[in-house]
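Shown next: structure_13.txt, given as compact mmCIF, C-alpha atoms.
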```
# COMPACT_ATOMS: atom_id res chain seq x y z
CA MET X 108 0.00 0.00 0.00
CA THR X 109 1.27 3.47 -0.86
CA GLU X 110 2.41 5.40 2.19
CA VAL X 111 0.10 8.29 3.07
CA SER X 112 1.55 11.55 4.35
CA SER X 113 -0.41 12.38 7.49
CA LEU X 114 -2.65 15.44 7.45
CA THR X 115 -3.48 15.13 11.15
CA GLY X 116 -3.98 18.58 12.65
CA ARG X 117 -4.76 20.28 9.36
CA LEU X 118 -8.05 21.67 8.10
CA LEU X 119 -10.12 20.37 5.23
CA VAL X 120 -11.99 23.31 3.74
CA ALA X 121 -14.80 22.35 1.38
CA THR X 122 -14.35 23.72 -2.13
CA PRO X 123 -17.33 25.41 -3.80
CA VAL X 124 -17.76 22.37 -6.07
CA LEU X 125 -18.31 19.92 -3.20
CA SER X 126 -21.93 18.84 -3.61
CA ASP X 127 -22.41 16.69 -0.48
CA PRO X 128 -24.88 18.66 1.72
CA ASN X 129 -23.22 17.23 4.85
CA PHE X 130 -20.10 19.19 3.97
CA ASP X 131 -21.34 22.27 2.15
CA ARG X 132 -18.93 25.09 3.14
CA ALA X 133 -17.61 22.81 5.90
CA VAL X 134 -14.33 23.29 7.77
CA VAL X 135 -13.12 19.93 9.11
CA LEU X 136 -10.32 19.54 11.65
CA LEU X 137 -8.53 16.23 11.02
CA LEU X 138 -7.83 14.40 14.28
CA ASP X 139 -6.32 11.36 12.61
CA HIS X 140 -5.19 10.55 9.06
CA ASP X 141 -3.15 7.61 7.80
CA GLU X 142 -3.31 4.76 5.29
CA GLU X 143 -6.13 3.13 7.24
CA GLY X 144 -8.49 6.11 7.05
CA SER X 145 -9.29 9.50 8.50
CA LEU X 146 -11.36 11.00 11.31
CA GLY X 147 -12.25 14.61 12.00
CA VAL X 148 -14.93 17.00 13.19
CA VAL X 149 -16.77 19.78 11.37
CA LEU X 150 -16.02 23.03 13.20
CA ASN X 151 -18.75 25.26 11.75
CA ARG X 152 -22.06 23.43 12.29
CA PRO X 153 -23.58 24.81 15.53
CA THR X 154 -26.97 23.39 16.53
CA PRO X 155 -29.70 25.09 18.62
CA VAL X 156 -29.03 22.71 21.55
CA ASP X 157 -27.23 24.15 24.58
CA VAL X 158 -24.41 22.05 26.03
CA ASP X 159 -25.96 22.15 29.51
CA ASP X 160 -29.17 20.67 28.12
CA ILE X 161 -27.38 17.40 27.43
CA LEU X 162 -24.21 17.48 29.56
CA GLU X 163 -24.86 18.97 32.95
CA GLY X 164 -21.92 20.94 34.28
CA TRP X 165 -20.03 21.20 31.00
CA GLY X 166 -21.83 24.26 29.66
CA ASP X 167 -19.74 26.66 31.77
CA LEU X 168 -16.57 25.31 30.14
CA ALA X 169 -17.84 25.54 26.58
CA GLY X 170 -16.78 28.60 24.63
CA ALA X 171 -19.33 30.89 22.98
CA PRO X 172 -21.59 29.91 21.42
CA GLY X 173 -22.19 27.38 24.19
CA VAL X 174 -24.07 24.91 22.00
CA VAL X 175 -23.51 21.42 20.69
CA PHE X 176 -21.92 21.26 17.24
CA GLN X 177 -22.72 18.67 14.59
CA GLY X 178 -19.31 17.13 14.09
CA GLY X 179 -20.23 15.09 11.06
CA PRO X 180 -22.69 12.55 9.70
CA VAL X 181 -21.32 9.52 11.61
CA SER X 182 -22.73 8.48 15.03
CA LEU X 183 -24.84 11.57 15.62
CA ASP X 184 -26.19 10.02 18.82
CA ALA X 185 -22.81 10.25 20.53
CA ALA X 186 -20.86 13.16 22.03
CA LEU X 187 -17.17 14.00 21.70
CA GLY X 188 -15.39 16.74 23.61
CA LEU X 189 -12.57 18.67 21.92
CA ALA X 190 -10.56 21.17 23.92
CA VAL X 191 -7.52 23.41 23.86
CA VAL X 192 -4.95 23.10 26.63
CA PRO X 193 -1.96 25.38 26.00
CA THR X 194 1.34 23.56 25.54
CA GLY X 195 4.17 24.05 27.98
CA ASN X 196 6.32 22.33 30.55
CA GLY X 197 7.79 19.95 28.01
CA ASP X 198 4.60 19.34 26.06
CA HIS X 199 4.87 18.12 22.52
CA GLY X 200 4.63 20.55 19.63
CA PRO X 201 2.01 20.75 16.86
CA ASN X 202 3.06 17.42 15.37
CA GLY X 203 3.50 15.56 18.66
CA PRO X 204 2.51 11.89 18.78
CA LEU X 205 0.23 11.93 21.80
CA THR X 206 -3.21 10.61 20.94
CA GLY X 207 -6.47 9.87 22.70
CA ALA X 208 -10.24 9.80 22.50
CA ALA X 209 -13.10 11.07 24.58
CA GLY X 210 -15.47 8.74 26.34
CA PRO X 211 -19.20 8.77 25.65
CA ARG X 212 -21.56 10.55 27.98
CA THR X 213 -24.66 8.54 28.81
CA GLY X 214 -27.79 9.18 30.81
CA PRO X 215 -31.58 9.40 30.62
CA GLU X 216 -33.82 12.07 29.14
CA ARG X 217 -31.24 13.83 26.99
CA PRO X 218 -32.76 15.70 24.02
CA VAL X 219 -31.86 14.89 20.45
CA LEU X 220 -30.50 17.43 18.00
CA ASP X 221 -33.32 18.88 15.92
CA GLY X 222 -32.84 18.47 12.18
CA ALA X 223 -29.72 16.31 12.36
CA PRO X 224 -29.70 13.43 9.84
CA ASP X 225 -28.37 10.04 10.81
CA ALA X 226 -25.11 8.68 9.44
CA ALA X 227 -26.81 7.52 6.25
CA GLY X 228 -28.54 10.85 5.69
CA GLY X 229 -31.93 9.50 6.78
CA ALA X 230 -34.48 10.54 9.38
CA ASP X 231 -33.80 12.22 12.70
CA PRO X 232 -33.19 10.01 15.74
CA ALA X 233 -36.37 8.93 17.50
CA PRO X 234 -37.75 11.42 20.05
CA GLY X 235 -36.18 10.86 23.43
CA ALA X 236 -33.04 9.23 22.05
CA ASP X 237 -29.94 9.87 24.16
CA LEU X 238 -26.96 11.85 22.91
CA ALA X 239 -24.74 8.87 23.65
CA GLY X 240 -23.41 5.98 21.67
CA ASP X 241 -20.38 4.47 20.02
CA ALA X 242 -18.68 7.51 18.46
CA ALA X 243 -16.20 7.88 21.31
CA ALA X 244 -15.36 4.19 21.27
CA GLU X 245 -14.86 4.29 17.50
CA ALA X 246 -12.69 7.37 17.85
CA ALA X 247 -10.66 5.59 20.52
CA ASP X 248 -10.05 2.70 18.13
CA VAL X 249 -8.89 5.08 15.41
CA LEU X 250 -6.83 7.38 17.60
CA GLY X 251 -5.32 4.55 19.59
CA GLY X 252 -5.92 5.78 23.11
CA VAL X 253 -8.36 6.54 25.89
CA THR X 254 -8.94 9.27 28.42
CA GLY X 255 -9.67 8.93 32.08
CA PRO X 256 -7.73 7.94 35.20
CA ASP X 257 -6.65 4.56 33.81
CA ALA X 258 -5.16 5.93 30.58
CA PRO X 259 -1.37 5.76 30.19
CA ARG X 260 0.07 9.23 30.52
CA GLY X 261 3.20 11.11 29.53
CA PRO X 262 4.72 14.48 30.46
CA GLY X 263 2.87 16.30 27.68
CA ASP X 264 -0.58 14.83 28.15
CA GLY X 265 -2.12 17.75 30.01
CA PRO X 266 -4.58 17.46 32.91
CA LEU X 267 -6.29 14.25 34.00
CA GLY X 268 -9.28 13.52 31.78
CA PHE X 269 -7.59 15.06 28.72
CA ARG X 270 -5.54 13.38 25.99
CA ARG X 271 -3.55 15.53 23.61
CA VAL X 272 -4.00 14.73 19.92
CA PHE X 273 -1.66 17.35 18.43
CA GLY X 274 -0.26 20.66 19.62
CA ALA X 275 -2.64 22.29 22.09
CA ILE X 276 -5.64 20.27 20.86
CA GLY X 277 -6.96 17.17 22.58
CA LEU X 278 -10.02 15.15 23.49
CA VAL X 279 -11.84 15.24 26.81
CA ASP X 280 -13.30 12.41 28.85
CA LEU X 281 -16.91 13.57 29.26
CA ASP X 282 -17.40 11.05 32.06
CA ALA X 283 -14.84 12.92 34.16
CA PRO X 284 -16.09 15.57 36.63
CA PRO X 285 -16.09 18.94 34.80
CA GLU X 286 -14.39 20.61 37.76
CA LEU X 287 -11.39 18.33 37.19
CA LEU X 288 -10.59 20.27 34.00
CA ALA X 289 -12.13 23.68 34.73
CA ALA X 290 -8.84 25.36 35.65
CA GLU X 291 -6.90 23.85 32.73
CA LEU X 292 -9.02 24.12 29.58
CA GLY X 293 -8.55 27.15 27.37
CA SER X 294 -11.76 26.32 25.51
CA LEU X 295 -14.12 23.40 24.92
CA ARG X 296 -16.39 22.29 22.10
CA ILE X 297 -18.92 19.47 22.29
CA PHE X 298 -19.64 17.64 19.04
CA ALA X 299 -22.43 15.25 18.14
CA GLY X 300 -20.91 12.75 15.74
CA TYR X 301 -17.86 13.02 13.55
CA ALA X 302 -16.67 12.81 9.95
CA GLY X 303 -14.95 9.61 8.86
CA TRP X 304 -13.31 8.23 5.73
CA GLY X 305 -12.15 4.70 4.99
CA ALA X 306 -8.78 3.80 3.54
CA GLY X 307 -8.11 5.89 0.45
CA GLN X 308 -11.47 7.67 0.46
CA LEU X 309 -10.18 11.06 1.52
CA GLU X 310 -7.31 10.82 -0.95
CA ASP X 311 -9.84 10.20 -3.72
CA GLU X 312 -11.85 13.26 -2.68
CA LEU X 313 -8.71 15.39 -2.59
CA ALA X 314 -7.80 14.22 -6.11
CA GLU X 315 -11.31 15.18 -7.25
CA GLY X 316 -10.85 18.71 -5.92
CA ALA X 317 -13.42 18.44 -3.15
CA TRP X 318 -11.22 19.93 -0.40
CA TYR X 319 -8.56 22.54 0.19
CA VAL X 320 -5.96 21.46 2.78
CA VAL X 321 -4.66 24.31 4.95
CA GLU X 322 -2.94 24.76 8.29
CA SER X 323 -5.12 25.00 11.38
CA GLU X 324 -4.84 27.48 14.23
CA PRO X 325 -5.82 26.72 17.86
CA GLY X 326 -8.49 29.43 17.71
CA ASP X 327 -10.34 27.61 14.94
CA VAL X 328 -11.78 25.13 17.43
CA SER X 329 -13.27 27.87 19.59
CA SER X 330 -14.24 30.46 16.98
CA PRO X 331 -17.01 32.64 18.45
CA ALA X 332 -18.44 33.11 14.95
CA PRO X 333 -18.39 29.57 13.52
CA GLU X 334 -20.84 30.38 10.71
CA GLY X 335 -18.17 32.63 9.19
CA LEU X 336 -15.28 30.20 9.66
CA TRP X 337 -15.24 28.97 6.04
CA ARG X 338 -14.63 32.47 4.72
CA SER X 339 -12.27 33.54 7.50
CA VAL X 340 -10.00 30.48 7.10
CA LEU X 341 -9.75 31.05 3.35
CA ARG X 342 -9.27 34.80 3.73
CA ARG X 343 -6.14 34.33 5.87
CA GLN X 344 -4.36 32.21 3.24
CA ARG X 345 -1.41 33.83 1.49
CA SER X 346 -2.33 32.46 -1.89
CA GLU X 347 -5.08 32.53 -4.48
CA LEU X 348 -7.27 30.72 -1.95
CA ALA X 349 -7.90 34.07 -0.28
CA MET X 350 -9.94 35.03 -3.32
CA VAL X 351 -12.18 31.97 -2.91
CA ALA X 352 -13.45 33.52 0.34
CA THR X 353 -15.50 35.92 -1.80
CA TYR X 354 -17.27 33.09 -3.64
CA PRO X 355 -21.02 33.65 -3.33
CA ASP X 356 -23.22 31.14 -1.52
CA ASP X 357 -25.37 31.04 -4.64
CA ALA X 358 -23.06 30.43 -7.61
CA SER X 359 -25.71 31.77 -10.01
CA LEU X 360 -25.11 35.22 -8.53
CA ASN X 361 -21.44 35.16 -9.52
```
As structure tokens:
Amino acid sequence: MTEVSSLTGRLLVATPVLSDPNFDRAVVLLLDHDEEGSLGVVLNRPTPVDVDDILEGWGDLAGAPGVVFQGGPVSLDAALGLAVVPTGNGDHGPNGPLTGAAGPRTGPERPVLDGAPDAAGGADPAPGADLAGDAAAEAADVLGGVTGPDAPRGPGDGPLGFRRVFGAIGLVDLDAPPELLAAELGSLRIFAGYAGWGAGQLEDELAEGAWYVVESEPGDVSSPAPEGLWRSVLRRQRSELAMVATYPDDASLN
């Protein structure tokens, strides 16, 4: 198999020609990418659901807007926590090898996300379905680690309940007490579901011109204006991509 150069930590920015409605004008942060596949979360799909409505105690740690984000079309009934913990004290740099995955948050009477399709693009989850499931376990399999008190730890891991994926970015154990991380997290986002690609699928989409690949910045995860992230990420590029930021939402108006 041809070796794949890892894009972990970079952004996939949907090109105007990408027709999949799940990724229209999407900005995806890649949490893992190798020859076996890819996993990431869409950073600019806020939902109307407040974090505290589904994860009691975590809303105070979530950056504005303090809502759940739709991370992608896979496992929408599960929650993942992504956070920024500044590097320091010997922490690894942006391409450090530390990996991990957040645990699922379970419990009764949690609302579903209005208008969110299931992984196959079908109907909404049944009323009363929990925002819990297998997404965190699947992410753990892909990322090769776990969070929580029993996880193996190194000097650059960050606080207990947090596992660094790259640079200042890592995944949070949502079963841990929120107060355990309150003093350490620079920002927190809660995602319902994630975006996933099998072996070679993302490479095929890149060859078809579906995505721009650009460097990420820590502030992308916690952007207070996520609806404008697609344009702002493109606008900061020092290339012809900056011009794409002016592309109209309706191509017929161009």
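The neighbours of Ala171 (chain X) here are the residues that come within 10 Å of it, using only C-alpha atoms and leaving out any residue fewer than 3 positions away in the same chain; they are Gly166, Asp167, Leu168, Val174, Ser294, Leu295, Arg296, Ser329, Ser330, Pro331, Ala332 and Pro333 of chain X.
Taking CA of Leu150 (chain X) as the reference point, CA of Phe176 (chain X) is found at 7.4 Å.
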Please indicate the distance in Å from CA of Gly326 (chain X) to CA of Arg338 (chain X), rounded to one decimal place.
14.7 Å
Which residue of X:Ser113, X:Gln177, X:Thr122, X:Asn129 approaches Val148 (chain X) most closely, using all atoms listed in the file:
X:Gln177
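Near Leu138 (chain X), within 7 Å and counting all atoms listed in the file, sit Thr115, Gly116, Leu146, Gly147 and Val272 of chain X, not including residues fewer than 6 positions from it in the same chain.
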May I have the residues within 8 Å of Trp304 (chain X) as a PyMOL selection string, using only C-alpha atoms and disregarding those fewer than 4 positions away in the same chain?
chain X and resi 144-146+308-309
From the list X:Val351, X:Gly300, X:Leu341, X:Asp139, which residue is nearest Glu322 (chain X) when using all atoms listed in the file?
X:Leu341
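Comparing X:Pro285, X:Phe298, X:Asp157, X:Tyr319 by their smallest distance to Pro172 (chain X), the closest is X:Asp157 (using only C-alpha atoms).
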Give me, please, the distance in Å between CA of Arg345 (chain X) and CA of Ala121 (chain X), quoted to one decimal.
17.6 Å
Would you kindly return, as a count of residues only, each protein, DNA or RNA residue with an atom no farther than 9 Å from any atom of Val149 (chain X), considering only C-alpha atoms and excluding same-chain residues fewer than 3 positions away?
14
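Shortest atom-to-atom contact with Asp282 (chain X) among X:Val158, X:Ala317, X:Leu187, X:Val175: X:Leu187, counting all atoms listed in the file.
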Residue nearest Gly274 (chain X) among X:Leu114, X:Ala169, X:Leu183, X:Val192 (counting all atoms listed in the file):
X:Val192
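Closest to Arg271 (chain X) among X:Asp327, X:Pro128, X:Ala190, X:Thr154 is X:Ala190, based on all atoms listed in the file.
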